[in-house]
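As stored in target-v1.csv (CSV, C-alpha atoms):
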chain,number,residue,atom,x,y,z
A,1,MET,CA,45.9,133.7,12.9
A,2,LEU,CA,47.9,130.6,13.0
A,3,TYR,CA,51.7,130.5,12.8
A,4,LEU,CA,53.6,127.2,12.5
A,5,GLY,CA,57.2,126.9,13.3
A,6,VAL,CA,57.7,130.5,14.2
A,7,SER,CA,57.0,132.0,17.6
A,8,ARG,CA,55.4,135.4,17.2
A,9,ASN,CA,54.4,137.6,20.0
A,10,PHE,CA,51.5,139.9,19.9
A,11,SER,CA,53.7,142.9,18.9
A,12,GLY,CA,54.5,141.0,15.8
A,13,ALA,CA,58.2,140.3,16.6
A,14,CYS,CA,59.6,136.9,15.6
A,15,THR,CA,61.7,134.7,17.8
A,16,PRO,CA,64.3,132.6,15.8
A,17,LEU,CA,63.7,128.9,16.0
A,18,PRO,CA,66.3,126.7,17.7
A,19,LYS,CA,69.0,125.3,15.4
A,20,ARG,CA,68.4,121.7,14.3
A,21,VAL,CA,71.0,119.4,15.9
A,22,GLY,CA,70.3,116.2,14.2
A,23,ALA,CA,69.0,115.0,10.8
A,24,TYR,CA,66.0,113.2,12.3
A,25,GLN,CA,65.0,115.7,14.9
A,26,GLN,CA,61.5,116.8,14.4
A,27,LEU,CA,60.7,120.2,15.6
A,28,GLU,CA,57.5,120.4,17.4
A,29,PRO,CA,55.4,122.9,15.6
A,30,GLN,CA,55.0,125.9,17.7
A,31,ILE,CA,51.5,127.1,17.5
A,32,VAL,CA,50.7,130.6,18.6
A,33,ILE,CA,47.2,131.7,18.2
A,34,ASP,CA,46.9,135.5,17.8
A,35,THR,CA,43.8,136.5,19.6
A,36,ASN,CA,43.7,139.8,17.8
A,37,THR,CA,41.5,139.0,14.8
A,38,ASN,CA,41.6,142.6,13.6
A,39,THR,CA,44.8,142.1,11.6
A,40,HIS,CA,43.3,144.1,8.7
A,41,PRO,CA,42.7,147.8,9.0
A,42,ARG,CA,39.2,148.3,10.3
A,43,LEU,CA,36.6,149.4,7.8
A,44,GLU,CA,34.4,152.3,8.5
A,45,GLU,CA,31.2,151.1,10.1
A,46,VAL,CA,27.9,152.5,8.7
A,47,ARG,CA,24.9,151.7,10.9
A,48,VAL,CA,21.6,150.8,9.3
A,49,ASP,CA,18.7,151.6,11.6
A,50,MET,CA,15.5,149.7,12.1
A,51,ALA,CA,13.2,150.0,9.0
A,52,GLY,CA,16.1,151.5,7.2
A,53,MET,CA,18.4,150.5,4.3
A,54,LYS,CA,21.7,151.6,2.9
A,55,VAL,CA,23.5,150.9,-0.3
A,56,ASP,CA,27.2,151.5,-0.8
A,57,SER,CA,30.1,150.8,-3.0
A,58,ARG,CA,32.8,152.1,-0.8
A,59,PRO,CA,34.9,149.7,1.4
A,60,VAL,CA,32.7,150.0,4.4
A,61,GLU,CA,30.9,147.6,6.8
A,62,LEU,CA,27.2,147.9,7.0
A,63,LEU,CA,26.1,147.2,10.5
A,64,THR,CA,22.8,146.5,12.2
A,65,ASN,CA,21.3,144.6,15.2
A,66,VAL,CA,18.3,142.4,14.8
A,67,GLY,CA,16.1,140.2,17.0
A,68,SER,CA,12.8,139.3,15.3
A,69,CYS,CA,13.5,141.7,12.5
A,70,VAL,CA,15.6,140.4,9.5
A,71,GLY,CA,18.7,141.9,8.0
A,72,ILE,CA,18.8,141.4,4.2
A,73,CYS,CA,22.2,141.8,2.6
A,74,LEU,CA,22.3,141.9,-1.3
A,75,TYR,CA,25.7,141.9,-3.0
A,76,ASP,CA,27.0,142.5,-6.5
A,77,SER,CA,30.3,140.7,-6.2
A,78,ALA,CA,31.6,142.0,-9.6
A,79,HIS,CA,31.3,145.6,-8.6
A,80,LYS,CA,31.7,145.1,-4.8
A,81,CYS,CA,28.6,147.0,-4.3
A,82,GLY,CA,26.0,145.9,-1.7
A,83,GLY,CA,23.2,147.0,0.5
A,84,LEU,CA,21.6,146.1,3.8
A,85,ALA,CA,17.9,146.5,4.7
A,86,HIS,CA,16.6,146.0,8.2
A,87,ILE,CA,13.0,144.9,7.8
A,88,MET,CA,10.4,144.8,10.6
A,89,LEU,CA,7.4,143.2,8.9
A,90,PRO,CA,6.7,140.6,6.2
A,91,HIS,CA,4.2,142.5,4.0
A,92,SER,CA,3.5,146.2,3.4
A,93,SER,CA,-0.2,145.3,3.7
A,94,LEU,CA,0.4,144.9,7.5
A,95,GLY,CA,1.3,148.5,8.1
A,96,PRO,CA,-0.2,150.7,5.3
A,97,LEU,CA,-0.1,153.8,7.4
A,98,GLU,CA,3.2,155.2,6.1
A,99,PRO,CA,5.2,154.6,2.9
A,100,LEU,CA,8.5,153.2,4.1
A,101,PRO,CA,9.7,150.5,1.7
A,102,SER,CA,12.6,149.3,3.8
A,103,LYS,CA,10.2,148.4,6.6
A,104,TYR,CA,8.7,145.5,4.8
A,105,ALA,CA,10.2,142.4,3.2
A,106,ASP,CA,8.1,142.6,0.0
A,107,THR,CA,9.0,146.2,-0.7
A,108,ALA,CA,12.6,146.3,0.8
A,109,ILE,CA,14.1,143.7,-1.5
A,110,PRO,CA,13.1,145.3,-4.9
A,111,ALA,CA,14.1,148.7,-3.5
A,112,LEU,CA,17.5,147.4,-2.3
A,113,ALA,CA,18.1,145.7,-5.7
A,114,ALA,CA,17.2,148.9,-7.5
A,115,GLY,CA,19.5,150.9,-5.3
A,116,ILE,CA,22.5,148.6,-6.0
A,117,ARG,CA,21.7,148.5,-9.8
A,118,GLY,CA,21.3,152.3,-9.8
A,119,MET,CA,24.7,152.7,-8.2
A,120,THR,CA,26.5,150.3,-10.5
A,121,GLY,CA,24.5,151.2,-13.6
A,122,VAL,CA,24.3,147.6,-14.7
A,123,GLU,CA,21.8,144.8,-14.2
A,124,ALA,CA,24.3,142.5,-12.5
A,125,LYS,CA,23.4,139.3,-10.8
A,126,LEU,CA,22.9,139.8,-7.1
A,127,SER,CA,23.2,137.3,-4.3
A,128,ALA,CA,21.5,137.4,-0.9
A,129,LYS,CA,22.4,136.6,2.7
A,130,ILE,CA,19.9,137.0,5.5
A,131,ALA,CA,20.0,136.9,9.3
A,132,GLY,CA,17.5,137.4,12.1
A,133,GLY,CA,13.9,136.3,12.6
A,134,ALA,CA,14.4,135.2,16.2
A,135,ASN,CA,11.7,134.8,18.8
A,136,MET,CA,13.3,136.5,21.8
A,137,PHE,CA,10.6,135.6,24.3
A,138,ALA,CA,9.5,132.0,24.0
A,139,ASN,CA,6.0,132.5,25.3
A,140,THR,CA,5.0,135.4,23.2
A,141,THR,CA,3.9,133.1,20.4
A,142,ALA,CA,0.9,132.3,22.6
A,143,ASN,CA,-0.8,135.4,21.3
A,144,GLY,CA,-0.3,134.2,17.7
A,145,LEU,CA,2.6,136.6,16.8
A,146,ASP,CA,5.7,134.7,15.9
A,147,ILE,CA,6.7,137.5,13.7
A,148,GLY,CA,10.3,136.3,13.3
A,149,GLN,CA,9.2,133.2,11.4
A,150,LYS,CA,6.8,135.2,9.3
A,151,ASN,CA,9.5,137.6,8.4
A,152,ILE,CA,11.9,134.8,7.4
A,153,LYS,CA,9.3,133.2,5.2
A,154,ALA,CA,8.4,136.4,3.5
A,155,VAL,CA,12.0,137.3,2.8
A,156,ARG,CA,12.7,133.9,1.2
A,157,GLU,CA,9.6,134.2,-1.0
A,158,THR,CA,10.3,137.7,-2.1
A,159,LEU,CA,13.9,136.8,-3.0
A,160,ALA,CA,12.6,133.9,-5.1
A,161,LEU,CA,10.1,136.1,-6.7
A,162,HIS,CA,12.8,138.5,-7.8
A,163,LYS,CA,15.1,135.7,-8.8
A,164,ILE,CA,17.8,136.6,-6.3
A,165,LYS,CA,19.8,133.6,-5.1
A,166,LEU,CA,19.8,133.1,-1.3
A,167,VAL,CA,23.4,131.9,-0.7
A,168,ALA,CA,23.5,131.8,3.1
A,169,GLU,CA,21.3,132.4,6.1
A,170,ASP,CA,21.5,132.4,9.9
A,171,VAL,CA,17.9,132.7,11.1
A,172,GLY,CA,15.5,131.7,13.9
A,173,GLY,CA,16.4,130.8,17.4
A,174,SER,CA,15.9,132.9,20.5
A,175,HIS,CA,18.9,135.3,20.3
A,176,GLY,CA,19.7,138.6,18.8
A,177,ARG,CA,22.3,139.1,16.1
A,178,ARG,CA,24.7,141.9,15.3
A,179,ILE,CA,25.2,141.8,11.5
A,180,SER,CA,28.4,143.3,9.9
A,181,PHE,CA,28.4,143.2,6.1
A,182,ASN,CA,31.8,143.7,4.7
A,183,LEU,CA,31.4,145.3,1.2
A,184,THR,CA,34.9,144.6,0.2
A,185,SER,CA,34.6,140.8,0.6
A,186,GLY,CA,30.8,140.3,0.7
A,187,VAL,CA,31.4,138.4,4.0
A,188,ILE,CA,28.9,138.8,6.8
A,189,THR,CA,29.9,138.4,10.4
A,190,ILE,CA,27.2,137.6,12.9
A,191,ARG,CA,28.0,138.2,16.5
A,192,LEU,CA,25.8,137.0,19.4
A,193,HIS,CA,25.7,138.7,22.8
A,194,ASN,CA,27.7,135.8,24.4
A,195,GLY,CA,30.6,136.5,22.1
A,196,GLU,CA,29.9,133.6,19.6
A,197,THR,CA,30.7,134.6,16.0
A,198,ARG,CA,29.3,133.1,12.8
A,199,ILE,CA,30.6,133.8,9.3
A,200,LEU,CA,28.3,133.8,6.3
B,201,MET,CA,21.2,155.7,-0.2
B,202,SER,CA,19.2,156.0,2.9
B,203,SER,CA,15.5,155.9,3.6
B,204,GLN,CA,16.0,157.2,7.1
B,205,THR,CA,13.8,159.9,8.3
B,206,ASP,CA,14.9,162.4,11.0
B,207,LEU,CA,14.5,161.3,14.5
B,208,LYS,CA,11.6,163.1,15.9
B,209,ALA,CA,9.9,162.4,19.2
B,210,THR,CA,7.5,164.2,21.3
B,211,THR,CA,8.6,163.8,24.9
B,212,THR,CA,6.7,165.0,27.8
B,213,THR,CA,8.7,165.3,31.0
B,214,GLY,CA,6.7,165.9,34.1
B,215,GLN,CA,4.7,168.7,32.6
B,216,ILE,CA,1.2,168.9,31.3
B,217,THR,CA,0.9,168.7,27.6
B,218,GLU,CA,-2.5,168.4,25.9
B,219,ASN,CA,-3.1,167.1,22.5
B,220,ASP,CA,-6.3,166.1,20.7
B,221,ASP,CA,-6.3,162.5,21.7
B,222,ILE,CA,-4.8,162.1,25.1
B,223,ASN,CA,-4.3,164.0,28.3
B,224,LEU,CA,-0.6,163.1,28.8
B,225,GLY,CA,-0.5,165.1,32.0
B,226,ILE,CA,-3.0,162.8,33.8
B,227,LEU,CA,-1.1,159.8,32.5
B,228,LEU,CA,2.2,161.2,33.7
B,229,GLU,CA,0.6,161.8,37.1
B,230,LEU,CA,-0.6,158.2,37.1
B,231,GLY,CA,2.8,157.0,36.1
B,232,SER,CA,4.5,159.1,38.8
B,233,ILE,CA,2.3,157.5,41.5
B,234,GLY,CA,3.0,154.0,40.1
B,235,ALA,CA,6.8,154.7,39.9
B,236,GLY,CA,6.8,156.1,43.4
B,237,HIS,CA,5.1,153.0,44.8
B,238,ALA,CA,7.6,150.9,42.8
B,239,ALA,CA,10.6,152.7,44.2
B,240,THR,CA,9.3,152.4,47.8
B,241,SER,CA,8.8,148.6,47.3
B,242,LEU,CA,12.2,148.2,45.7
B,243,SER,CA,13.9,150.2,48.4
B,244,ASP,CA,12.3,147.9,51.0
B,245,VAL,CA,13.6,144.8,49.3
B,246,LEU,CA,17.1,146.1,48.7
B,247,GLN,CA,17.4,148.0,51.9
B,248,GLU,CA,18.9,150.8,49.9
B,249,PRO,CA,17.5,154.3,49.0
B,250,ILE,CA,15.9,154.0,45.6
B,251,SER,CA,14.5,157.1,43.8
B,252,ILE,CA,13.0,157.7,40.5
B,253,GLU,CA,13.5,160.2,37.8
B,254,VAL,CA,10.6,162.3,36.7
B,255,PRO,CA,8.7,160.0,34.3
B,256,LYS,CA,8.5,160.7,30.6
B,257,ILE,CA,6.1,159.8,28.0
B,258,HIS,CA,7.5,159.4,24.5
B,259,ASN,CA,5.1,159.7,21.5
B,260,VAL,CA,7.4,158.4,18.8
B,261,LYS,CA,7.5,156.3,15.7
B,262,PRO,CA,8.2,152.8,16.9
B,263,TYR,CA,11.1,152.2,14.4
B,264,LEU,CA,12.9,155.3,15.7
B,265,ILE,CA,13.1,154.0,19.3
B,266,PRO,CA,16.5,152.3,18.9
B,267,GLN,CA,18.1,155.5,17.6
B,268,PHE,CA,16.3,157.4,20.4
B,269,TYR,CA,17.9,155.3,23.1
B,270,ASN,CA,21.2,154.7,21.2
B,271,LEU,CA,22.0,151.6,23.3
B,272,HIS,CA,22.3,149.3,20.2
B,273,ASP,CA,25.0,146.8,21.3
B,274,ILE,CA,24.7,147.3,25.1
B,275,LYS,CA,24.2,143.9,26.8
B,276,THR,CA,20.9,144.1,28.6
B,277,THR,CA,18.8,142.0,30.8
B,278,ALA,CA,15.1,142.4,30.3
B,279,ILE,CA,12.1,141.2,32.2
B,280,LEU,CA,8.8,141.0,30.3
B,281,LEU,CA,5.3,140.9,31.7
B,282,GLN,CA,2.2,141.0,29.6
B,283,LEU,CA,-1.4,141.7,30.1
B,284,ASN,CA,-3.3,139.4,27.8
B,285,ASP,CA,-6.9,140.1,28.7
B,286,LYS,CA,-9.2,142.6,27.1
B,287,TYR,CA,-6.8,145.5,27.9
B,288,GLY,CA,-3.4,144.3,26.7
B,289,CYS,CA,0.0,145.7,27.4
B,290,ASP,CA,3.6,144.6,27.1
B,291,ILE,CA,5.6,145.8,30.1
B,292,LEU,CA,9.3,145.6,29.7
B,293,LEU,CA,11.8,146.3,32.5
B,294,THR,CA,15.4,146.6,31.2
B,295,PHE,CA,18.6,146.8,33.1
B,296,GLU,CA,22.1,147.1,31.9
B,297,TYR,CA,23.5,143.5,32.3
B,298,THR,CA,26.0,144.1,35.1
B,299,GLU,CA,23.5,146.3,37.0
B,300,ALA,CA,20.9,143.5,36.8
B,301,ARG,CA,23.4,141.1,38.3
B,302,LYS,CA,24.3,143.5,41.1
B,303,ILE,CA,20.7,143.9,42.0
B,304,ALA,CA,20.1,140.2,41.9
B,305,ALA,CA,23.2,139.7,44.2
B,306,MET,CA,21.7,142.2,46.6
B,307,MET,CA,18.3,140.4,46.6
B,308,ASN,CA,20.0,137.1,47.2
B,309,MET,CA,22.1,138.7,50.0
B,310,VAL,CA,25.4,137.5,48.5
B,311,SER,CA,28.3,139.9,48.5
B,312,SER,CA,29.5,139.4,45.0
B,313,ILE,CA,27.9,138.8,41.6
B,314,ASP,CA,30.4,135.9,41.2
B,315,GLU,CA,28.5,134.0,43.8
B,316,LEU,CA,25.3,134.1,41.8
B,317,ASP,CA,24.2,131.2,39.7
B,318,GLN,CA,21.8,131.5,36.8
B,319,THR,CA,18.8,130.2,38.7
B,320,MET,CA,19.3,132.6,41.6
B,321,GLU,CA,19.7,135.5,39.2
B,322,THR,CA,16.7,134.7,37.1
B,323,SER,CA,14.5,134.1,40.1
B,324,ALA,CA,15.6,137.4,41.8
B,325,LEU,CA,15.0,139.4,38.7
B,326,GLN,CA,11.5,137.9,38.2
B,327,GLU,CA,10.7,138.8,41.7
B,328,LEU,CA,12.0,142.3,41.2
B,329,ALA,CA,9.8,142.7,38.1
B,330,ASN,CA,6.7,141.4,40.1
B,331,ILE,CA,7.4,144.0,42.8
B,332,LEU,CA,8.1,146.9,40.4
B,333,ILE,CA,5.5,146.2,37.8
B,334,GLY,CA,2.9,145.1,40.3
B,335,SER,CA,3.1,148.6,41.9
B,336,PHE,CA,2.5,150.2,38.5
B,337,LEU,CA,-0.4,148.0,37.6
B,338,THR,CA,-2.1,148.7,40.9
B,339,SER,CA,-2.0,152.4,40.1
B,340,ILE,CA,-3.3,151.9,36.6
B,341,SER,CA,-5.9,149.4,37.7
B,342,ASP,CA,-7.2,151.8,40.4
B,343,PHE,CA,-7.3,154.6,37.9
B,344,ALA,CA,-9.0,152.7,35.1
B,345,GLY,CA,-11.3,150.7,37.3
B,346,VAL,CA,-10.4,147.4,35.8
B,347,GLY,CA,-8.5,144.4,37.1
B,348,LEU,CA,-5.1,143.9,35.4
B,349,MET,CA,-3.4,140.5,35.8
B,350,PRO,CA,0.0,140.1,34.3
B,351,THR,CA,1.5,136.9,33.0
B,352,THR,CA,4.5,135.2,34.7
B,353,PRO,CA,7.6,137.2,34.1
B,354,GLN,CA,10.1,136.1,31.4
B,355,THR,CA,13.7,137.0,31.5
B,356,VAL,CA,16.1,137.4,28.6
B,357,THR,CA,19.6,138.7,28.2
B,358,ASP,CA,20.8,140.1,24.9
B,359,THR,CA,21.6,143.3,23.2
B,360,PHE,CA,19.2,146.2,23.7
B,361,ASP,CA,18.1,146.5,20.1
B,362,ALA,CA,17.4,142.8,19.8
B,363,ILE,CA,15.3,142.7,22.9
B,364,ILE,CA,13.0,145.7,22.1
B,365,ASP,CA,12.5,145.0,18.4
B,366,ASN,CA,9.7,142.5,18.9
B,367,PHE,CA,7.7,145.0,20.9
B,368,LEU,CA,8.3,147.8,18.3
B,369,ILE,CA,7.1,145.5,15.6
B,370,LYS,CA,3.9,144.8,17.5
B,371,GLN,CA,3.4,148.6,18.0
B,372,SER,CA,4.1,149.4,14.4
B,373,MET,CA,1.4,147.0,13.2
B,374,VAL,CA,-1.3,149.0,15.0
B,375,SER,CA,-0.1,152.5,15.0
B,376,ASP,CA,2.3,155.0,13.4
B,377,ASN,CA,3.1,156.3,16.8
B,378,ALA,CA,3.9,154.4,20.0
B,379,LEU,CA,3.1,155.8,23.3
B,380,ILE,CA,5.9,154.7,25.6
B,381,PHE,CA,6.0,155.4,29.2
B,382,GLU,CA,9.5,155.5,30.6
B,383,THR,CA,11.0,155.9,34.0
B,384,ARG,CA,14.5,155.4,35.3
B,385,PHE,CA,15.5,154.3,38.7
B,386,LYS,CA,18.4,155.6,40.8
B,387,ARG,CA,20.1,153.5,43.4
B,388,ASN,CA,22.1,155.4,46.0
B,389,GLY,CA,21.7,158.5,43.9
B,390,GLU,CA,23.3,156.9,40.9
B,391,ASP,CA,21.6,155.9,37.7
B,392,ALA,CA,20.6,152.3,38.0
B,393,LYS,CA,20.7,152.0,34.1
B,394,SER,CA,17.2,150.8,34.1
B,395,ILE,CA,14.3,151.6,31.9
B,396,LEU,CA,10.7,150.6,32.4
B,397,MET,CA,8.7,150.7,29.2
B,398,LEU,CA,5.0,150.1,28.8
B,399,PHE,CA,3.5,149.4,25.3
B,400,PRO,CA,-0.2,149.6,25.7
B,401,THR,CA,-2.6,148.2,23.1
B,402,GLN,CA,-5.1,150.5,21.5
B,403,GLU,CA,-7.8,149.2,23.8
B,404,LEU,CA,-5.9,150.1,26.9
B,405,LYS,CA,-4.8,153.4,25.4
B,406,ASP,CA,-8.5,154.2,24.6
B,407,LEU,CA,-9.6,153.3,28.1
B,408,LEU,CA,-6.9,155.5,29.7
B,409,VAL,CA,-7.8,158.4,27.4
B,410,GLU,CA,-11.5,158.0,28.3
B,411,LYS,CA,-10.8,157.9,32.0
B,412,SER,CA,-8.3,160.8,31.8
B,413,LYS,CA,-10.9,162.9,29.9
B,414,ALA,CA,-13.5,162.1,32.5
B,415,MET,CA,-11.1,163.1,35.3
B,416,ALA,CA,-10.2,166.4,33.6
B,417,GLN,CA,-13.9,167.4,33.5
B,418,VAL,CA,-14.3,166.9,37.2

Can you turn what I pasted into structure tokens?
Amino acid sequence: MLYLGVSRNFSGACTPLPKRVGAYQQLEPQIVIDTNTNTHPRLEEVRVDMAGMKVDSRPVELLTNVGSCVGICLYDSAHKCGGLAHIMLPHSSLGPLEPLPSKYADTAIPALAAGIRGMTGVEAKLSAKIAGGANMFANTTANGLDIGQKNIKAVRETLALHKIKLVAEDVGGSHGRRISFNLTSGVITIRLHNGETRIL
Amino acid sequence: MSSQTDLKATTTTGQITENDDINLGILLELGSIGAGHAATSLSDVLQEPISIEVPKIHNVKPYLIPQFYNLHDIKTTAILLQLNDKYGCDILLTFEYTEARKIAAMMNMVSSIDELDQTMETSALQELANILIGSFLTSISDFAGVGLMPTTPQTVTDTFDAIIDNFLIKQSMVSDNALIFETRFKRNGEDAKSILMLFPTQELKDLLVEKSKAMAQV
């Protein structure tokens, strides 16, 4: 948080500014950067596990960690209802051994959309944000399995197929991502292990 | 709404458990020998007593592994070696980040982790993986009667979940259940916050099953 002209310590107490002594004196703006970014009450965090998905309309943060997997966040901004799916594989044909829709991009997206629409009771327009699809070990592509890229491609294609607009993404690279999906605002915060933060 | 299923895992801890497909007891014995050799090698390098916990074999659905370990956001350093020949296997050695740096400092004979640079740290950890995993592979190789040559180690630091998901994806493409061999090391009697995981391919699993059945009949 940025304060101009007022010095504020971390306990929130204000220090009065010095009195102006001349008409032309310019006060140097005093800039205090409050390093505590949690100025709002923390929302309850709800973890979404690998191959799982959750839909909610309460003011919560849906949370998951992905590497090569992709986190798909669908949001109905009118009803502040959203859902997060943590998919592992692009197509259900790749792992037909057990029926788990949230494991695959092509089945998770319609299931997530149906979950949100079932909760709100209306066919509202949904928007999508996605993150993940990294390749954590650079040389593992040598055996032909760059599953991260395949996941990203399948997610984009499935979203297009279901006419859900992809409004933001943070994908690829060689690092994991911690995804926090704020259902009050629809904002997604991505945190990397080195402390870097990205907002979608 | 949640599509989660209950966390269920079959874990065998140093005891003989038979099932239709695989003699886990023999594999545990094999793992214990490998881990014992690995601990001795590591103890020599670090000049510190290193011991191992009784190894475990988890037979668990791959996507349940992150819940099983519950180390989601823990910053972790992992070293990966792979067998890419006929009998493939991903071998992952993970350390809690600070522990990895402590061990790297000891291997470089510096007194503090602050004296380590990235090259020294990576090099030490790759050497560590070669020592530990080499001991394991020798045991498996002797048992199975095949030569197993690993790739050059790769090191990565990230959160635990992000590191392991690639391997769990690979496992989930071939089987509903992953057979994961796990052992933990203790340094000076304290948990070294380290996990060694082996993700064998179906071919290697089949070979080990075949050999273990043959041994059981002797």

Check: which chain A residues lie within 10 Å of chain B using all atoms listed in the file, as a PyMOL selection string: chain A and resi 47-56+64-69+83+85+87-89+93-98+100-103+112+115-116+119+132-140+142-143+145-148+174-178+192-194

For atom CA of A:Phe181 and atom CA of A:Cys73, the interatomic separation in Å (one decimal): 7.3 Å

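Taking atom CA of B:Phe343 as the reference point, atom CA of B:His237 is found at 14.3 Å.
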
Between atom CA of A:Ala128 and atom CA of A:Tyr75, distance in Å (one decimal):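 Rounded to one decimal, the two atoms are 6.5 Å apart.
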
Spatial sel., origin (18.9, 137.4, 39.7), limit 9 Å, only C-alpha atoms, listed as a PyMOL selection string: chain B and resi 300-308+316-328

Store the residues picked out above, limited to C-alpha atoms, as a compact mmCIF listing (two decimals), keeping the file's coordinate frame.
# COMPACT_ATOMS: atom_id res chain seq x y z
CA ALA B 300 20.90 143.50 36.80
CA ARG B 301 23.40 141.10 38.30
CA LYS B 302 24.30 143.50 41.10
CA ILE B 303 20.70 143.90 42.00
CA ALA B 304 20.10 140.20 41.90
CA ALA B 305 23.20 139.70 44.20
CA MET B 306 21.70 142.20 46.60
CA MET B 307 18.30 140.40 46.60
CA ASN B 308 20.00 137.10 47.20
CA LEU B 316 25.30 134.10 41.80
CA ASP B 317 24.20 131.20 39.70
CA GLN B 318 21.80 131.50 36.80
CA THR B 319 18.80 130.20 38.70
CA MET B 320 19.30 132.60 41.60
CA GLU B 321 19.70 135.50 39.20
CA THR B 322 16.70 134.70 37.10
CA SER B 323 14.50 134.10 40.10
CA ALA B 324 15.60 137.40 41.80
CA LEU B 325 15.00 139.40 38.70
CA GLN B 326 11.50 137.90 38.20
CA GLU B 327 10.70 138.80 41.70
CA LEU B 328 12.00 142.30 41.20

Expected residue set, 10 Å radius at (7.9, 147.3, 48.4), only C-alpha atoms, as a ChimeraX atom specification: /B:237-246,328,331-332,334-335

Selected residue of minimal separation from A:Ala154 among A:Arg58, A:Lys129, A:Arg117, A:His91, counting all atoms listed in the file: A:His91

All residues 12 Å or closer to A:Lys163, only C-alpha atoms, same chain fewer than 3 positions away omitted, as number ranges by chain: A: 109-110, 113, 125-128, 156-160, 166

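When all atoms listed in the file are used to measure the gap to B:Asn330, the shortest distance among B:Asp391, B:Val310, B:Ser412, B:Pro353 belongs to B:Pro353.
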
Long-range neighbours of stretch 396-408 of chain B as a ChimeraX atom specification, 7 Å cut-off, all atoms listed in the file, 5 positions minimum in chain: /B:287-294,344,379-384

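You can rank A:Leu161, A:Ala124, A:Val46, A:Asn151 by their closest distance to A:Ser77 using all atoms listed in the file, and at the top of that list sits A:Ala124.
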
Return stretch 283-295 of chain B, completed with N, CA and C atoms, as a short mmCIF file (atom, residue, chain, number, x, y, z; two decimals), keeping the file's coordinate frame.
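So selection.cif came out as:
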data_model
loop_
_atom_site.label_atom_id
_atom_site.label_comp_id
_atom_site.auth_asym_id
_atom_site.auth_seq_id
_atom_site.Cartn_x
_atom_site.Cartn_y
_atom_site.Cartn_z
N LEU B 283 0.00 141.81 29.75
CA LEU B 283 -1.40 141.70 30.10
C LEU B 283 -2.07 141.15 28.82
N ASN B 284 -2.72 140.00 28.97
CA ASN B 284 -3.30 139.40 27.80
C ASN B 284 -4.78 139.36 27.71
N ASP B 285 -5.41 140.06 28.66
CA ASP B 285 -6.90 140.10 28.70
C ASP B 285 -7.37 141.15 27.69
N LYS B 286 -8.55 141.66 27.97
CA LYS B 286 -9.20 142.60 27.10
C LYS B 286 -8.24 143.86 26.87
N TYR B 287 -7.68 144.32 27.98
CA TYR B 287 -6.80 145.50 27.90
C TYR B 287 -5.34 145.00 27.95
N GLY B 288 -4.76 144.84 26.81
CA GLY B 288 -3.40 144.30 26.70
C GLY B 288 -2.32 145.29 26.86
N CYS B 289 -1.18 144.83 27.28
CA CYS B 289 0.00 145.70 27.40
C CYS B 289 1.24 144.86 27.55
N ASP B 290 2.29 145.27 26.87
CA ASP B 290 3.60 144.60 27.10
C ASP B 290 4.36 145.55 28.04
N ILE B 291 4.87 144.97 29.09
CA ILE B 291 5.60 145.80 30.10
C ILE B 291 7.02 145.22 30.15
N LEU B 292 7.96 146.08 29.83
CA LEU B 292 9.30 145.60 29.70
C LEU B 292 10.21 146.43 30.68
N LEU B 293 10.89 145.70 31.52
CA LEU B 293 11.80 146.30 32.50
C LEU B 293 13.22 145.94 32.04
N THR B 294 14.03 146.91 31.64
CA THR B 294 15.40 146.60 31.20
C THR B 294 16.43 147.11 32.14
N PHE B 295 17.47 146.34 32.32
CA PHE B 295 18.60 146.80 33.10
C PHE B 295 19.88 146.51 32.30
#
